[in-house]
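As stored in run31.csv (CSV, C-alpha atoms and all ligand atoms):
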```
chain,number,residue,atom,x,y,z
A,179,MET,CA,0.0,0.0,0.0
A,180,GLN,CA,1.2,3.5,-0.8
A,181,LYS,CA,2.4,5.3,2.3
A,182,LEU,CA,0.8,8.6,3.4
A,183,ILE,CA,3.1,11.5,2.3
A,184,ASP,CA,2.3,14.4,4.4
A,185,PHE,CA,3.7,17.7,3.3
A,186,ARG,CA,1.4,19.9,5.4
A,187,THR,CA,3.8,20.3,8.3
A,188,ASP,CA,7.3,19.5,9.6
A,189,THR,CA,5.9,18.5,13.0
A,190,ASN,CA,4.9,15.0,12.0
A,191,ILE,CA,8.4,13.4,12.1
A,192,SER,CA,8.3,10.0,13.8
A,193,PRO,CA,10.7,9.9,16.8
A,194,SER,CA,13.8,7.8,16.1
A,195,ILE,CA,14.2,4.4,17.8
A,196,GLU,CA,17.1,5.9,19.8
A,197,MET,CA,14.9,8.8,21.0
A,198,MET,CA,12.2,6.4,22.2
A,199,GLU,CA,14.6,4.1,24.0
A,200,VAL,CA,16.4,6.9,25.8
A,201,ALA,CA,13.2,8.6,26.6
A,202,PHE,CA,11.4,5.7,28.3
A,203,LYS,CA,14.5,4.8,30.4
A,204,SER,CA,14.9,8.4,31.7
A,205,PRO,CA,14.3,9.1,35.4
A,206,LEU,CA,11.3,11.4,36.3
A,207,GLY,CA,10.9,14.1,38.8
A,208,ASP,CA,8.7,17.2,39.3
A,209,ALA,CA,10.1,19.8,36.9
A,210,VAL,CA,8.1,22.6,38.5
A,211,TYR,CA,10.4,22.1,41.6
A,212,ASN,CA,13.5,21.7,39.4
A,213,LEU,CA,13.6,18.0,40.3
A,214,ASP,CA,13.5,16.5,36.8
A,215,PRO,CA,17.1,15.6,35.9
A,216,LYS,CA,16.6,15.4,32.2
A,217,THR,CA,14.7,18.8,32.0
A,218,LEU,CA,17.5,20.4,34.0
A,219,GLU,CA,20.1,18.9,31.6
A,220,LEU,CA,18.1,20.0,28.5
A,221,GLU,CA,17.7,23.5,29.8
A,222,GLU,CA,21.4,23.8,30.6
A,223,TYR,CA,22.4,22.4,27.2
A,224,ALA,CA,20.0,24.6,25.2
A,225,ALA,CA,21.3,27.7,27.0
A,226,LYS,CA,24.9,26.7,26.2
A,227,ILE,CA,24.4,26.1,22.5
A,228,LEU,CA,22.4,29.4,22.2
A,229,GLY,CA,25.1,31.3,24.1
A,230,LYS,CA,22.7,32.4,26.8
A,231,GLU,CA,22.8,32.2,30.6
A,232,SER,CA,19.6,30.3,31.1
A,233,ALA,CA,16.8,28.4,29.3
A,234,ILE,CA,13.4,26.9,30.0
A,235,PHE,CA,11.4,24.1,28.4
A,236,LEU,CA,7.8,24.9,27.4
A,237,PRO,CA,5.1,22.9,25.8
A,238,SER,CA,4.9,24.9,22.6
A,239,GLY,CA,6.4,27.7,20.5
A,240,VAL,CA,3.4,29.9,20.9
A,241,MET,CA,3.7,29.7,24.7
A,242,GLY,CA,7.4,30.4,24.4
A,243,ASN,CA,6.8,33.6,22.3
A,244,LEU,CA,4.0,34.8,24.6
A,245,VAL,CA,6.1,34.2,27.7
A,246,ALA,CA,8.9,36.2,26.1
A,247,LEU,CA,6.5,39.1,25.3
A,248,LEU,CA,5.2,39.1,28.8
A,249,SER,CA,8.7,39.0,30.3
A,250,HIS,CA,10.1,41.8,28.2
A,251,THR,CA,7.2,44.3,28.4
A,252,GLN,CA,4.4,45.9,30.5
A,253,ARG,CA,0.8,46.1,29.4
A,254,GLY,CA,0.0,49.0,27.1
A,255,GLU,CA,3.5,49.1,25.6
A,256,GLU,CA,4.3,48.6,21.9
A,257,VAL,CA,6.2,45.8,20.1
A,258,ILE,CA,7.7,46.3,16.7
A,259,LEU,CA,7.5,43.3,14.3
A,260,GLU,CA,7.1,42.3,10.7
A,261,GLU,CA,3.5,42.3,9.6
A,262,ASN,CA,3.4,38.6,8.6
A,263,SER,CA,5.3,37.3,11.6
A,264,HIS,CA,3.9,34.3,13.3
A,265,ILE,CA,3.4,36.2,16.5
A,266,CYS,CA,1.3,38.7,14.6
A,267,THR,CA,-0.7,36.4,12.3
A,268,SER,CA,-0.8,33.0,13.9
A,269,GLU,CA,-0.8,33.1,17.7
A,270,THR,CA,-4.5,34.0,18.2
A,271,GLY,CA,-3.8,37.6,19.2
A,272,GLY,CA,-2.2,36.5,22.5
A,273,ALA,CA,0.1,39.5,22.4
A,274,ALA,CA,-3.0,41.7,22.7
A,275,ALA,CA,-5.4,39.5,24.6
A,276,VAL,CA,-3.0,38.2,27.2
A,277,ALA,CA,0.0,40.5,27.3
A,278,GLY,CA,-2.0,43.7,26.6
A,279,LEU,CA,0.4,44.9,23.9
A,280,MET,CA,0.1,47.0,20.9
A,281,LEU,CA,1.7,45.7,17.8
A,282,LYS,CA,3.5,48.1,15.4
A,283,THR,CA,3.9,46.2,12.2
A,284,ILE,CA,6.4,46.7,9.4
A,285,ARG,CA,5.7,45.7,5.9
A,286,SER,CA,8.4,43.8,4.0
A,287,GLN,CA,9.0,41.8,0.9
A,288,ASP,CA,10.9,39.1,2.7
A,289,GLY,CA,10.1,39.0,6.3
A,290,ALA,CA,13.2,40.9,7.2
A,291,PRO,CA,12.5,44.5,8.2
A,292,LYS,CA,15.4,46.9,7.5
A,293,ALA,CA,17.2,48.5,10.5
A,294,GLN,CA,16.1,52.0,9.3
A,295,GLU,CA,12.5,50.9,9.2
A,296,ILE,CA,12.7,49.6,12.7
A,297,GLU,CA,14.3,52.8,13.8
A,298,SER,CA,11.6,54.9,12.2
A,299,ALA,CA,9.0,52.8,14.0
A,300,ILE,CA,10.4,53.5,17.5
A,301,ARG,CA,8.3,56.0,19.3
A,302,PRO,CA,10.0,59.1,20.7
A,303,TYR,CA,8.9,60.1,24.2
A,304,ASP,CA,5.5,61.8,24.1
A,305,GLN,CA,2.8,61.5,26.7
A,306,HIS,CA,0.4,60.5,24.0
A,307,TYR,CA,2.3,57.6,22.6
A,308,PRO,CA,2.6,54.0,23.8
A,309,LYS,CA,6.1,53.2,24.9
A,310,THR,CA,8.1,51.1,22.4
A,311,SER,CA,9.6,48.3,24.5
A,312,LEU,CA,10.5,45.4,22.3
A,313,ILE,CA,11.6,44.4,18.8
A,314,CYS,CA,10.7,40.9,17.5
A,315,LEU,CA,12.3,39.1,14.6
A,316,GLU,CA,11.5,35.7,13.1
A,317,ASN,CA,14.0,33.3,11.5
A,318,THR,CA,13.4,31.3,9.3
A,319,HIS,CA,10.4,33.3,8.3
A,320,TYR,CA,7.4,31.1,8.0
A,321,ARG,CA,5.0,33.2,5.9
A,322,TYR,CA,7.6,33.8,3.2
A,323,GLY,CA,8.3,30.1,2.7
A,324,GLY,CA,11.0,29.5,5.3
A,325,ILE,CA,13.4,32.1,3.9
A,326,VAL,CA,16.3,33.2,6.0
A,327,VAL,CA,16.9,36.7,7.5
A,328,PRO,CA,20.6,37.2,7.0
A,329,ILE,CA,23.0,37.6,9.9
A,330,GLU,CA,24.0,41.0,8.6
A,331,ARG,CA,20.5,42.2,9.1
A,332,PHE,CA,20.5,41.0,12.7
A,333,LYS,CA,23.7,42.9,13.3
A,334,GLU,CA,22.3,46.2,11.9
A,335,ILE,CA,19.1,45.8,13.9
A,336,ARG,CA,21.1,45.1,17.1
A,337,GLU,CA,22.9,48.4,16.6
A,338,ILE,CA,19.5,50.2,16.5
A,339,SER,CA,18.2,48.2,19.5
A,340,GLU,CA,21.3,49.2,21.6
A,341,LYS,CA,21.0,52.8,20.5
A,342,TYR,CA,17.5,52.9,21.9
A,343,HIS,CA,18.0,50.4,24.8
A,344,LEU,CA,15.4,48.0,23.4
A,345,PRO,CA,15.6,44.3,23.8
A,346,ILE,CA,15.1,41.9,20.8
A,347,HIS,CA,13.2,38.6,21.0
A,348,LEU,CA,13.7,36.1,18.2
A,349,ASP,CA,11.0,33.6,17.2
A,350,GLY,CA,13.5,31.0,16.0
A,351,ALA,CA,11.0,28.1,15.7
A,352,ARG,CA,13.2,27.0,12.8
A,353,LEU,CA,16.5,28.7,13.8
A,354,PHE,CA,18.5,25.6,13.1
A,355,ASN,CA,17.3,25.6,9.5
A,356,ALA,CA,18.4,29.3,9.2
A,357,ALA,CA,21.8,28.3,10.7
A,358,VAL,CA,22.2,25.4,8.2
A,359,TYR,CA,21.3,27.6,5.3
A,360,SER,CA,23.8,30.3,6.5
A,361,ASP,CA,26.5,27.7,7.2
A,362,VAL,CA,26.9,28.9,10.8
A,363,THR,CA,25.8,27.7,14.2
A,364,VAL,CA,22.7,29.0,15.9
A,365,LYS,CA,24.8,31.2,18.2
A,366,ALA,CA,25.8,33.3,15.2
A,367,PHE,CA,22.2,34.6,15.2
A,368,SER,CA,21.4,34.4,18.9
A,369,GLN,CA,24.4,36.6,19.8
A,370,TYR,CA,22.4,39.6,18.4
A,371,VAL,CA,19.2,39.0,20.4
A,372,ASP,CA,18.2,39.1,24.1
A,373,SER,CA,15.9,36.1,24.0
A,374,VAL,CA,15.2,33.3,21.6
A,375,MET,CA,12.6,30.7,21.3
A,376,PHE,CA,13.3,27.6,19.2
A,377,SER,CA,11.2,24.5,18.6
A,378,LEU,CA,12.2,20.9,19.3
A,379,SER,CA,9.1,19.6,17.8
A,380,LYS,CA,9.7,20.6,14.1
A,381,GLY,CA,12.7,19.6,12.0
A,382,LEU,CA,14.6,18.6,15.1
A,383,GLY,CA,12.2,15.7,15.5
A,384,ALA,CA,11.3,15.6,19.2
A,385,PRO,CA,7.6,14.9,19.8
A,386,VAL,CA,6.9,18.0,22.0
A,387,GLY,CA,8.3,21.3,23.2
A,388,SER,CA,10.1,24.5,22.6
A,389,MET,CA,13.0,26.2,24.5
A,390,LEU,CA,13.2,29.8,25.5
A,391,CYS,CA,16.7,31.1,26.2
A,392,GLY,CA,17.9,34.4,27.6
A,393,SER,CA,19.6,36.1,30.6
A,394,ARG,CA,19.2,34.6,34.1
A,395,ASP,CA,17.0,37.5,35.2
A,396,PHE,CA,14.8,37.2,32.0
A,397,ILE,CA,14.4,33.5,32.6
A,398,LEU,CA,13.4,34.0,36.2
A,399,LYS,CA,10.6,36.3,35.0
A,400,ALA,CA,9.7,33.8,32.2
A,401,ILE,CA,9.3,30.9,34.7
A,402,ARG,CA,6.6,32.9,36.5
A,403,PHE,CA,4.7,33.6,33.3
A,404,ARG,CA,5.1,30.1,32.1
A,405,LYS,CA,3.4,29.0,35.4
A,406,MET,CA,0.7,31.6,35.0
A,407,LEU,CA,-0.1,30.3,31.5
A,408,GLY,CA,-0.3,26.8,32.8
A,409,GLY,CA,2.9,25.7,31.3
A,410,GLY,CA,4.5,24.5,34.5
A,411,MET,CA,4.8,20.8,33.6
A,412,ARG,CA,5.6,18.0,36.1
A,413,LYS,CA,7.2,14.7,35.2
A,414,ILE,CA,8.4,15.6,31.8
A,415,GLY,CA,11.7,13.8,31.8
A,416,TRP,CA,10.7,11.6,28.9
A,417,LEU,CA,9.9,14.6,26.7
A,418,SER,CA,13.1,16.4,27.8
A,419,ALA,CA,15.1,13.3,27.0
A,420,CYS,CA,13.8,13.4,23.5
A,421,GLY,CA,14.7,17.0,23.2
A,422,LEU,CA,18.3,16.2,24.4
A,423,VAL,CA,18.7,13.4,21.9
A,424,ALA,CA,17.5,15.8,19.1
A,425,LEU,CA,19.8,18.6,20.1
A,426,LYS,CA,22.9,16.4,20.8
A,427,ASP,CA,22.5,14.5,17.5
A,428,PRO,CA,26.0,15.0,15.9
A,429,ASN,CA,24.3,14.9,12.5
A,430,LEU,CA,21.7,17.5,13.4
A,431,TYR,CA,23.0,20.1,10.9
A,432,SER,CA,23.7,17.6,8.1
A,433,ARG,CA,20.3,16.0,8.6
A,434,LEU,CA,18.5,19.4,8.2
A,435,LEU,CA,20.7,20.1,5.2
A,436,ILE,CA,19.3,16.9,3.6
A,437,ASP,CA,15.8,18.3,4.2
A,438,HIS,CA,16.8,21.5,2.4
A,439,GLN,CA,18.2,19.6,-0.5
A,440,LYS,CA,15.0,17.6,-0.9
A,441,ALA,CA,13.0,20.8,-0.8
A,442,LYS,CA,15.2,22.3,-3.6
A,443,ARG,CA,14.7,19.1,-5.7
A,444,LEU,CA,11.0,19.1,-5.2
A,445,ALA,CA,10.8,22.8,-6.1
A,446,LYS,CA,12.9,22.4,-9.3
A,447,GLU,CA,10.8,19.4,-10.5
A,448,ILE,CA,7.5,21.2,-9.7
A,449,ASN,CA,8.8,24.2,-11.8
A,450,GLU,CA,9.1,21.9,-14.8
A,451,ILE,CA,5.4,21.1,-14.7
A,452,SER,CA,3.2,23.6,-16.6
A,453,GLY,CA,0.4,25.2,-14.6
A,454,ILE,CA,2.4,25.5,-11.4
A,455,ASN,CA,5.2,27.8,-10.4
A,456,VAL,CA,7.8,28.1,-7.6
A,457,ASP,CA,10.2,31.0,-7.0
A,458,LEU,CA,13.3,28.9,-6.7
A,459,LEU,CA,15.3,31.7,-5.0
A,460,ALA,CA,12.9,31.6,-2.2
A,461,VAL,CA,13.4,27.9,-1.5
A,462,GLN,CA,16.2,28.2,1.1
A,463,THR,CA,15.3,25.8,3.8
A,464,ASN,CA,12.6,23.1,4.3
A,465,MET,CA,9.6,24.8,2.7
A,466,VAL,CA,8.3,25.1,-0.8
A,467,LEU,CA,5.6,27.6,-1.8
A,468,ALA,CA,4.1,26.8,-5.2
A,469,TYR,CA,1.5,28.8,-7.1
A,470,LEU,CA,-1.1,27.4,-9.5
A,471,GLY,CA,-2.1,28.9,-12.8
A,472,LYS,CA,-5.7,30.2,-13.2
A,473,GLU,CA,-6.5,27.2,-15.3
A,474,VAL,CA,-5.9,24.8,-12.4
A,475,ASN,CA,-8.7,24.0,-10.0
A,476,ARG,CA,-6.9,23.7,-6.6
A,477,LEU,CA,-9.7,22.0,-4.8
A,478,SER,CA,-10.0,19.2,-7.4
A,479,LEU,CA,-6.2,18.9,-7.5
A,480,LEU,CA,-5.9,18.6,-3.7
A,481,LYS,CA,-8.7,16.0,-3.6
A,482,PHE,CA,-7.0,14.0,-6.4
A,483,LEU,CA,-3.7,14.1,-4.5
A,484,GLU,CA,-5.4,13.1,-1.2
A,485,LYS,CA,-6.8,10.0,-3.0
A,486,GLU,CA,-3.3,9.2,-4.0
A,487,ASN,CA,-2.2,9.5,-0.3
A,488,ILE,CA,-0.5,12.9,-0.7
A,489,LEU,CA,-1.4,15.7,1.6
A,490,ILE,CA,-0.5,19.3,0.8
A,491,ALA,CA,-1.6,22.5,2.6
A,492,PRO,CA,-3.5,25.2,0.6
A,493,LEU,CA,-1.9,28.6,0.8
A,494,GLY,CA,-3.6,31.9,0.1
A,495,LYS,CA,-5.8,32.0,-3.1
A,496,ASN,CA,-4.0,29.8,-5.4
A,497,GLY,CA,-0.9,28.5,-3.6
A,498,LEU,CA,0.3,25.2,-2.2
A,499,ARG,CA,2.7,24.8,0.8
A,500,PHE,CA,5.0,21.9,1.1
A,501,TYR,CA,7.1,21.2,4.2
A,502,ILE,CA,9.9,18.8,4.0
A,503,SER,CA,10.8,16.8,7.0
A,504,SER,CA,13.1,13.8,7.4
A,505,ASP,CA,10.0,11.5,6.9
A,506,ILE,CA,9.8,12.5,3.3
A,507,GLU,CA,12.1,10.3,1.2
A,508,ASP,CA,13.4,10.7,-2.3
A,509,THR,CA,11.0,8.2,-3.6
A,510,ASP,CA,8.1,10.2,-2.1
A,511,ILE,CA,9.2,13.2,-4.1
A,512,ILE,CA,9.4,11.2,-7.3
A,513,TYR,CA,5.9,9.8,-6.6
A,514,THR,CA,4.5,13.2,-5.8
A,515,ILE,CA,5.8,14.8,-9.0
A,516,GLU,CA,4.3,12.0,-11.0
A,517,LYS,CA,0.9,12.5,-9.3
A,518,LEU,CA,1.1,16.3,-9.5
A,519,LYS,CA,1.6,16.1,-13.2
A,520,LYS,CA,-1.4,13.9,-13.6
A,521,GLY,CA,-3.6,15.9,-11.2
A,522,ILE,CA,-2.8,19.2,-12.9
A,523,SER,CA,-3.6,17.8,-16.4
A,524,ILE,CA,-7.0,16.4,-15.5
A,601,LIG,C1,7.6,30.7,13.1
A,601,LIG,C2,6.8,30.0,14.1
A,601,LIG,N1,6.8,30.4,15.3
A,601,LIG,C3,6.1,29.8,16.3
A,601,LIG,C4,5.4,28.7,16.0
A,601,LIG,C5,4.6,28.0,17.1
A,601,LIG,O1,5.1,26.8,17.5
A,601,LIG,P1,4.1,25.7,18.2
A,601,LIG,O2,3.3,25.1,17.1
A,601,LIG,O3,5.0,24.8,18.9
A,601,LIG,O4,3.3,26.5,19.2
A,601,LIG,C6,5.4,28.2,14.7
A,601,LIG,C7,4.6,27.0,14.4
A,601,LIG,O5,4.5,26.5,13.3
A,601,LIG,C8,6.1,28.8,13.7
A,601,LIG,O6,6.1,28.4,12.4
```

Have the structure of the file written as structure tokens, please.
Ligand SMILES: Cc1ncc(COP(=O)(O)O)c(C=O)c1O
Amino acid sequence: MQKLIDFRTDTNISPSIEMMEVAFKSPLGDAVYNLDPKTLELEEYAAKILGKESAIFLPSGVMGNLVALLSHTQRGEEVILEENSHICTSETGGAAAVAGLMLKTIRSQDGAPKAQEIESAIRPYDQHYPKTSLICLENTHYRYGGIVVPIERFKEIREISEKYHLPIHLDGARLFNAAVYSDVTVKAFSQYVDSVMFSLSKGLGAPVGSMLCGSRDFILKAIRFRKMLGGGMRKIGWLSACGLVALKDPNLYSRLLIDHQKAKRLAKEINEISGINVDLLAVQTNMVLAYLGKEVNRLSLLKFLEKENILIAPLGKNGLRFYISSDIEDTDIIYTIEKLKKGISI
């Protein structure tokens, strides 16, 4: 039987055998009381590789971002961020509803606001204005197909943030993918920000969780907000052990590079089919955004592909979004291209 090929997300990777074996043999303790050995080890290790003093484990990336917003700001203050950032578009308005923040959004072509644009968005002191208190960046940028905000941009934005004494939070859900594309380690990016959230549950392959890293004082605040949001988890050693296996994998970077290469291959082959188009320059990491010509009926195409055991997410009016994870094999790409050709010509 044809296996199910699921391009809709990169969160569906099956945990490795090693991960499962290590996980279920791990000791358990109450992590809220810092008594869970694997969670302590994971937090220490994550902080080290991100070059920060401290880190915490949270159930999700959304919670990690929200806890960061709460820890950096006060209610009624303003956060500067790109208009299509995940925090702005895909976190159910938590920044406003929970943290009481105003969002000052910046339009961009590529998810990477320019330093001058950020500087122009910072409010001067005026009794009428909300206080600007945080800059948020995202890397890789999810709405623009996983493209990478270059390190140079981080450096320029850091100069502005220091000039105005503003902290920077990085939504680095897929920061390891950005590092692989840029041929650097994650520290090359995190050195320019005050806090960073990254996901264990996406390309890294752990079943659950995200890490939030920053200074010791920042993390002490973050621990309270995590608790307030219900993210103080108890015997999570099995989950933390999975995170540790993922992070300590000596082949982590080369494994992600293979995902990127597969995404490129898929994109190139899609581009050879008439009626569907990909901007190849935008395929930098593990995502491919493809756009259908007017002559193609997307709904019928997606239904046809689903019958052939291929799941793809619709995107905007006429787009398709493919995520590549390590569960997608070369043969799956060949099969998908064959079925796409057929589905488009029906
Ligand atoms: C850029 C970005 N940030 C944050 C998140 C949220 O992560 P989670 O799904 O773990 O809450 C996602 C999820 O896809 C994401 O793509």

Selection: 12 Å around A:Lys517, all atoms listed in the file, excl. self and same-chain fewer than 6 positions, as a PDB file with C-alpha atoms, keeping the file's coordinate frame:
```pdb
ATOM      1  CA  ILE A 183       3.100  11.500   2.300  1.00  0.00           C
ATOM      2  CA  ILE A 448       7.500  21.200  -9.700  1.00  0.00           C
ATOM      3  CA  ILE A 451       5.400  21.100 -14.700  1.00  0.00           C
ATOM      4  CA  LEU A 479      -6.200  18.900  -7.500  1.00  0.00           C
ATOM      5  CA  LEU A 480      -5.900  18.600  -3.700  1.00  0.00           C
ATOM      6  CA  LYS A 481      -8.700  16.000  -3.600  1.00  0.00           C
ATOM      7  CA  PHE A 482      -7.000  14.000  -6.400  1.00  0.00           C
ATOM      8  CA  LEU A 483      -3.700  14.100  -4.500  1.00  0.00           C
ATOM      9  CA  GLU A 484      -5.400  13.100  -1.200  1.00  0.00           C
ATOM     10  CA  LYS A 485      -6.800  10.000  -3.000  1.00  0.00           C
ATOM     11  CA  GLU A 486      -3.300   9.200  -4.000  1.00  0.00           C
ATOM     12  CA  ASN A 487      -2.200   9.500  -0.300  1.00  0.00           C
ATOM     13  CA  ILE A 488      -0.500  12.900  -0.700  1.00  0.00           C
ATOM     14  CA  LEU A 489      -1.400  15.700   1.600  1.00  0.00           C
ATOM     15  CA  ASP A 510       8.100  10.200  -2.100  1.00  0.00           C
ATOM     16  CA  ILE A 511       9.200  13.200  -4.100  1.00  0.00           C
ATOM     17  CA  SER A 523      -3.600  17.800 -16.400  1.00  0.00           C
ATOM     18  CA  ILE A 524      -7.000  16.400 -15.500  1.00  0.00           C
TER      19      ILE A 524
END
```

**Item:** Option closest in space to ligand LIG 601 (chain A), from A:Val374, A:Ile195, A:Ala299, A:Val358 [counting only C-alpha atoms and all ligand atoms]
**Value:**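 That would be A:Val374, the residue with the smallest distance to ligand LIG 601 (chain A).
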
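Using only C-alpha atoms for every distance, the candidate list A:Asp437, A:Ser418, A:Ala351, A:Cys314 yields A:Asp437 as the residue closest to A:Asp505.
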
Residues within 6 Å of ligand LIG 601 (chain A), counting only C-alpha atoms and all ligand atoms: report them as a PDB file with C-alpha atoms, in the coordinates of the input.
```pdb
ATOM      1  CA  SER A 238       4.900  24.900  22.600  1.00  0.00           C
ATOM      2  CA  GLY A 239       6.400  27.700  20.500  1.00  0.00           C
ATOM      3  CA  VAL A 240       3.400  29.900  20.900  1.00  0.00           C
ATOM      4  CA  HIS A 264       3.900  34.300  13.300  1.00  0.00           C
ATOM      5  CA  TYR A 320       7.400  31.100   8.000  1.00  0.00           C
ATOM      6  CA  ASP A 349      11.000  33.600  17.200  1.00  0.00           C
ATOM      7  CA  ALA A 351      11.000  28.100  15.700  1.00  0.00           C
TER       8      ALA A 351
END
```

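For stretch 219-224 of chain A, the list of residues within 7 Å, based on all atoms listed in the file and with local chain neighbours fewer than 2 positions off taken out, reads Pro215, Lys216, Thr217, Lys226, Ile227, Leu228, Ser232, Ala233, Ile234, Phe235, Ser418, Gly421 and Leu422 of chain A.
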
List every residue of stretch 223-259 of chain A that has an atom at most 12 Å from any atom of stretch 282-296 of chain A, giving for each one its closest atom pair and the distance in Å to one decimal, counting all atoms listed in the file, sorted by chain and then by ascending residue number, as a Markdown table.
```
| residue | atom | partner | partner_atom | distance |
| --- | --- | --- | --- | --- |
| A:Glu255 | CA | A:Lys282 | CA | 10.2 |
| A:Glu256 | CA | A:Lys282 | CA | 6.6 |
| A:Val257 | CA | A:Lys282 | CA | 5.9 |
| A:Ile258 | CA | A:Lys282 | CA | 4.8 |
| A:Leu259 | CA | A:Thr283 | CA | 5.1 |
```

**Request:** Find the residues around A:Lys442 up to 9 Å (all atoms listed in the file counted), leave out those fewer than 4 positions away in its own chain, and share them as a PyMOL selection string.
**Result:** chain A and resi 437-438+446-447+458+461-466

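Restricting the calculation to only C-alpha atoms, the smallest distance between A:Gly207 and any of A:Ala441, A:Leu493, A:Val423, A:Ile414 is found for A:Ile414.
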
Please provide the set of residues having any atom within 12 Å of A:Ile397, restricted to all atoms listed in the file, with same-chain residues fewer than 3 positions apart removed, written as a compact mmCIF listing (two decimals) with C-alpha atoms, in the coordinates of the input.
```txt
# COMPACT_ATOMS: atom_id res chain seq x y z
CA GLU A 221 17.70 23.50 29.80
CA ALA A 225 21.30 27.70 27.00
CA LYS A 230 22.70 32.40 26.80
CA GLU A 231 22.80 32.20 30.60
CA SER A 232 19.60 30.30 31.10
CA ALA A 233 16.80 28.40 29.30
CA ILE A 234 13.40 26.90 30.00
CA PHE A 235 11.40 24.10 28.40
CA GLY A 242 7.40 30.40 24.40
CA VAL A 245 6.10 34.20 27.70
CA ALA A 246 8.90 36.20 26.10
CA LEU A 248 5.20 39.10 28.80
CA SER A 249 8.70 39.00 30.30
CA HIS A 250 10.10 41.80 28.20
CA ASP A 372 18.20 39.10 24.10
CA SER A 373 15.90 36.10 24.00
CA VAL A 374 15.20 33.30 21.60
CA MET A 375 12.60 30.70 21.30
CA MET A 389 13.00 26.20 24.50
CA LEU A 390 13.20 29.80 25.50
CA CYS A 391 16.70 31.10 26.20
CA GLY A 392 17.90 34.40 27.60
CA SER A 393 19.60 36.10 30.60
CA ARG A 394 19.20 34.60 34.10
CA ALA A 400 9.70 33.80 32.20
CA ILE A 401 9.30 30.90 34.70
CA ARG A 402 6.60 32.90 36.50
CA PHE A 403 4.70 33.60 33.30
CA ARG A 404 5.10 30.10 32.10
```

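In this structure, atom CA of A:Lys380 sits 10.2 Å away from atom CA of A:Phe354.
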
**Message:** Using all atoms listed in the file for the distances, tell me which of A:Val386, A:Leu281, A:Lys181, A:Asp214 is nearest to A:Thr509.
**Reply:**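 Checking each of A:Val386, A:Leu281, A:Lys181, A:Asp214 against A:Thr509, counting all atoms listed in the file, the winner is A:Lys181.
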
**Prompt:** Which of these, A:Met411, A:Ile502, A:Val200, A:Ile522, has the shortest distance to A:Arg476 once you count all atoms listed in the file?
**Reply:**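 Among the listed residues, the smallest separation from A:Arg476 belongs to A:Ile522.
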
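Across the model, the gap from atom CA of A:Gly323 to atom CA of A:Leu434 is 15.8 Å.
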
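Atom CA of A:Ala424 sits 12.5 Å away from atom CA of A:Phe376.
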
**Prompt:** Which polymer residues, protein or nucleic acid, are no farther than 12 Å from (6.0, 13.9, 12.2), counting all atoms listed in the file, as a ChimeraX atom specification?
**Reply:** /A:182-194,378-386,501-506

**Request:** Could you tell me which of A:Cys266, A:Arg253, A:Ile325, A:Pro345 comes closest to A:Pro308 if we count only C-alpha atoms?
**Result:**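 Distance minimum relative to A:Pro308 lands on A:Arg253.
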